[in-house]
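Just protein17.tsv here, TSV, C-alpha atoms:
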```tsv
chain	number	residue	atom	x	y	z
J	293	PHE	CA	-56.33	137.37	28.55
J	294	LEU	CA	-54.46	134.63	26.70
J	295	SER	CA	-51.87	134.38	29.48
J	296	ASP	CA	-54.64	134.25	32.08
J	297	GLU	CA	-56.07	131.22	30.26
J	298	GLY	CA	-52.69	129.51	30.05
J	299	LEU	CA	-52.51	129.88	26.27
J	300	ARG	CA	-49.19	130.35	24.53
J	301	TYR	CA	-49.00	133.03	21.87
J	302	SER	CA	-46.52	135.09	19.93
J	303	HIS	CA	-46.34	138.72	18.93
J	304	SER	CA	-43.94	140.15	16.39
J	305	GLU	CA	-42.74	143.68	16.98
J	306	GLY	CA	-44.55	146.13	14.72
J	307	ASN	CA	-47.54	143.85	14.06
J	308	ASP	CA	-50.98	144.52	15.48
J	309	TYR	CA	-51.92	140.88	15.94
J	310	LEU	CA	-51.17	137.87	18.14
J	311	ARG	CA	-50.67	134.32	16.90
J	312	THR	CA	-51.62	131.19	18.78
J	313	GLY	CA	-52.50	127.61	17.94
J	314	PHE	CA	-54.63	124.76	19.17
J	315	ALA	CA	-54.09	121.01	19.06
J	316	MET	CA	-57.06	119.44	17.30
J	317	LYS	CA	-58.77	116.05	17.36
J	318	LYS	CA	-60.15	115.98	13.80
J	319	TYR	CA	-58.98	119.09	11.99
J	320	VAL	CA	-55.81	118.73	9.93
J	321	ASP	CA	-54.13	121.82	8.47
J	322	VAL	CA	-52.76	122.14	4.92
J	323	ASP	CA	-49.36	120.86	6.14
J	324	GLY	CA	-50.93	117.68	7.58
J	325	ASP	CA	-50.68	118.75	11.23
J	326	LYS	CA	-53.52	118.47	13.74
J	327	LEU	CA	-53.06	122.13	14.61
J	328	LEU	CA	-55.30	125.13	14.06
J	329	HIS	CA	-53.40	128.41	13.72
J	330	VAL	CA	-55.34	131.40	15.06
J	331	VAL	CA	-54.62	135.10	14.61
J	332	ILE	CA	-56.19	137.68	16.90
J	333	SER	CA	-56.20	141.30	15.82
J	334	VAL	CA	-57.76	144.53	16.97
J	335	GLU	CA	-58.41	147.02	14.19
J	336	GLU	CA	-59.78	150.53	13.73
J	337	GLN	CA	-57.95	151.90	16.77
J	338	GLY	CA	-59.40	149.19	19.02
J	339	LYS	CA	-62.96	149.44	17.75
J	340	PHE	CA	-63.05	146.13	15.86
J	341	LEU	CA	-61.94	142.60	16.82
J	342	LYS	CA	-60.99	139.79	14.41
J	343	ILE	CA	-60.16	136.22	15.31
J	344	ALA	CA	-59.20	134.19	12.27
J	345	ALA	CA	-57.86	130.83	11.20
J	346	PRO	CA	-55.92	131.88	8.10
J	347	CYS	CA	-55.14	129.29	5.42
J	348	ALA	CA	-57.43	126.81	7.17
J	349	TYR	CA	-58.08	125.15	3.80
J	350	ARG	CA	-57.10	125.66	0.21
J	351	PHE	CA	-59.29	125.08	-2.83
J	352	HIS	CA	-56.91	124.44	-5.70
J	353	HIS	CA	-57.47	126.05	-9.08
J	354	ASP	CA	-57.77	122.61	-10.70
J	355	GLY	CA	-60.88	121.90	-8.61
J	356	THR	CA	-64.11	121.62	-10.57
J	357	SER	CA	-67.02	124.03	-10.39
J	358	PHE	CA	-69.05	121.16	-8.95
J	359	HIS	CA	-66.59	120.81	-6.08
J	360	LYS	CA	-66.54	124.58	-5.54
J	361	LEU	CA	-70.34	124.62	-5.40
J	362	ALA	CA	-70.28	121.79	-2.83
J	363	LEU	CA	-67.66	123.67	-0.82
J	364	PHE	CA	-69.62	126.92	-0.76
J	365	GLN	CA	-72.84	125.09	0.12
J	366	THR	CA	-71.03	123.32	2.96
J	367	LEU	CA	-69.51	126.54	4.30
J	368	LEU	CA	-72.88	128.30	4.16
J	369	GLN	CA	-74.56	125.40	5.95
J	370	ILE	CA	-71.94	125.57	8.69
J	371	CYS	CA	-72.52	129.33	9.04
J	372	HIS	CA	-76.26	128.70	9.26
J	373	MET	CA	-75.89	126.00	11.92
J	374	THR	CA	-73.38	127.80	14.13
J	375	LYS	CA	-72.96	131.13	15.85
J	376	MET	CA	-70.37	133.76	15.03
J	377	VAL	CA	-68.11	131.79	12.67
J	378	GLN	CA	-67.95	132.90	9.06
J	379	PHE	CA	-65.78	131.77	6.17
J	380	GLU	CA	-63.85	133.82	3.64
J	381	TYR	CA	-62.59	132.64	0.26
J	382	ASP	CA	-59.76	134.25	-1.69
J	383	ALA	CA	-60.35	133.49	-5.38
J	384	GLU	CA	-56.78	134.49	-6.25
J	385	ASP	CA	-55.04	131.71	-4.35
J	386	GLY	CA	-57.90	129.49	-3.11
J	387	GLU	CA	-57.32	130.28	0.56
J	388	ILE	CA	-60.26	129.54	2.85
J	389	ARG	CA	-60.18	131.07	6.30
J	390	ALA	CA	-62.57	130.89	9.20
J	391	ILE	CA	-63.20	134.12	11.03
J	392	VAL	CA	-65.10	135.67	13.90
J	393	GLU	CA	-65.33	139.43	13.80
J	394	PHE	CA	-67.35	141.99	15.68
J	395	PRO	CA	-67.34	145.65	16.57
J	396	LEU	CA	-66.22	146.72	20.01
J	397	GLU	CA	-66.75	150.41	19.29
J	398	ASP	CA	-66.56	152.05	22.73
J	399	ALA	CA	-66.83	148.83	24.77
J	400	GLN	CA	-64.00	147.07	26.58
J	401	LEU	CA	-63.29	143.52	25.43
J	402	THR	CA	-63.66	141.00	28.25
J	403	ASN	CA	-61.82	137.74	28.80
J	404	ARG	CA	-65.11	135.86	28.57
J	405	GLN	CA	-65.97	137.42	25.18
J	406	LEU	CA	-62.56	136.68	23.74
J	407	MET	CA	-62.50	133.07	24.96
J	408	ARG	CA	-66.00	132.42	23.64
J	409	CYS	CA	-64.92	133.64	20.21
J	410	ILE	CA	-61.68	131.68	20.19
J	411	HIS	CA	-63.13	128.44	21.52
J	412	GLY	CA	-66.18	128.78	19.29
J	413	LEU	CA	-63.96	129.04	16.22
J	414	VAL	CA	-61.85	126.07	17.33
J	415	LYS	CA	-64.91	123.87	18.00
J	416	VAL	CA	-66.56	124.74	14.69
J	417	MET	CA	-63.39	123.89	12.78
J	418	ASP	CA	-62.91	120.56	14.53
J	419	ARG	CA	-66.58	119.57	14.34
J	420	ASN	CA	-66.92	120.34	10.62
J	421	HIS	CA	-63.50	119.36	9.28
J	422	PHE	CA	-64.59	116.18	7.52
J	423	SER	CA	-67.56	117.88	5.86
J	424	ILE	CA	-65.32	120.63	4.47
J	425	VAL	CA	-62.73	118.14	3.23
J	426	ASP	CA	-65.46	115.99	1.64
J	427	ALA	CA	-66.73	119.04	-0.23
J	428	ILE	CA	-63.27	120.07	-1.44
J	429	LYS	CA	-62.04	116.62	-2.45
J	430	HIS	CA	-65.21	114.76	-3.41
J	431	GLY	CA	-67.90	117.37	-4.09
J	432	LEU	CA	-70.04	116.02	-1.23
J	433	THR	CA	-72.25	118.23	0.90
J	434	PRO	CA	-73.40	117.57	4.47
J	435	GLU	CA	-76.88	116.18	4.75
J	436	SER	CA	-79.67	117.53	6.88
J	437	PRO	CA	-80.53	115.55	10.04
J	438	ALA	CA	-83.69	114.24	8.33
J	439	ALA	CA	-81.72	113.08	5.28
J	440	LEU	CA	-79.15	111.37	7.51
J	441	GLN	CA	-81.92	109.57	9.40
J	442	LYS	CA	-83.54	108.45	6.13
J	443	ALA	CA	-80.19	107.18	4.79
J	444	TYR	CA	-79.54	105.30	8.04
J	445	GLU	CA	-82.97	103.68	7.93
J	446	LYS	CA	-82.34	102.63	4.31
J	447	TYR	CA	-78.97	101.18	5.33
J	448	LEU	CA	-80.62	99.15	8.14
J	449	GLU	CA	-83.31	97.90	5.77
J	450	GLU	CA	-80.72	96.79	3.22
J	451	ARG	CA	-78.64	95.15	5.94
J	452	ARG	CA	-81.64	93.17	7.23
J	453	ALA	CA	-82.51	92.06	3.70
J	454	LYS	CA	-78.92	90.90	3.11
J	455	ARG	CA	-78.87	88.96	6.38
J	456	LYS	CA	-82.14	87.33	5.43
J	457	ARG	CA	-80.74	86.34	2.01
J	458	ASP	CA	-77.53	85.06	3.60
J	459	LEU	CA	-79.44	83.05	6.19
J	460	TRP	CA	-82.27	81.68	4.02
J	461	GLY	CA	-80.76	81.91	0.55
J	462	ASP	CA	-82.18	83.91	-2.28
J	463	GLY	CA	-84.95	81.41	-3.00
J	464	LYS	CA	-83.60	80.52	-6.47
J	465	GLY	CA	-83.35	76.77	-6.86
J	466	GLU	CA	-82.06	75.67	-3.49
```

In structure tokens, what does this structure look like?
Amino acid sequence: FLSDEGLRYSHSEGNDYLRTGFAMKKYVDVDGDKLLHVVISVEEQGKFLKIAAPCAYRFHHDGTSFHKLALFQTLLQICHMTKMVQFEYDAEDGEIRAIVEFPLEDAQLTNRQLMRCIHGLVKVMDRNHFSIVDAIKHGLTPESPAALQKAYEKYLEERRAKRKRDLWGDGKGE
């Protein structure tokens, strides 16, 4: 399926997974590259499919509980707003990976299913990169659309007031 789509991948002898990668617009990996590494594996004798972005992020042990709370809230919000993509966190080393997994059981995997999973994972990672980084580094969480609209309206109001002051003065002894 990957070859049919023109995607490059690698397979190491003895492993039951394929590795591929995608050039990204926003997402930056832990090495500073705009590349998302993806691992595709079939488990349970072909009954279960996993598509993962291992080591997508890392939450360092020196991070505060506040930042960890913001990170988990952000990851849960992303899961709530999207389809299929989940996040896993390894408390031992701080690894955060994005993953799509589903049972195949007795069904045959189709090209269309696989590509939807892969491209869905890639899009979610690129679309939400800055929110995840803001949570890890600054303890910030993404706002709801209503909160963003309210903040934007407040910004416009403050901007108009500043322009008015700049144009007409502040009214104090001019």

For this session: Step by step: start from the point (-57.2, 140.2, 15.1) in the file's coordinates, keep every protein, DNA or RNA residue that has an atom no farther than 6 Å from it, count all atoms listed in the file, and write the set as a PyMOL selection string.
Result: chain J and resi 309+331-334+341-343

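Separating CA of Ala362 in chain J from CA of Phe314 in chain J is a distance of 27.2 Å.
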
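Closest approach to Gly386 in chain J among J:Leu448, J:Cys347, J:Ala438, J:Cys409 is made by J:Cys347 (distances from only C-alpha atoms).
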
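The spacing separating CA of Val414 in chain J from CA of Glu384 in chain J amounts to 25.5 Å.
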
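Minimum atom-to-atom distances from J:Phe394, J:Tyr301, J:Phe293, J:Tyr319 to Lys415 in chain J were compared using all atoms listed in the file, and the lowest value belongs to J:Tyr319.
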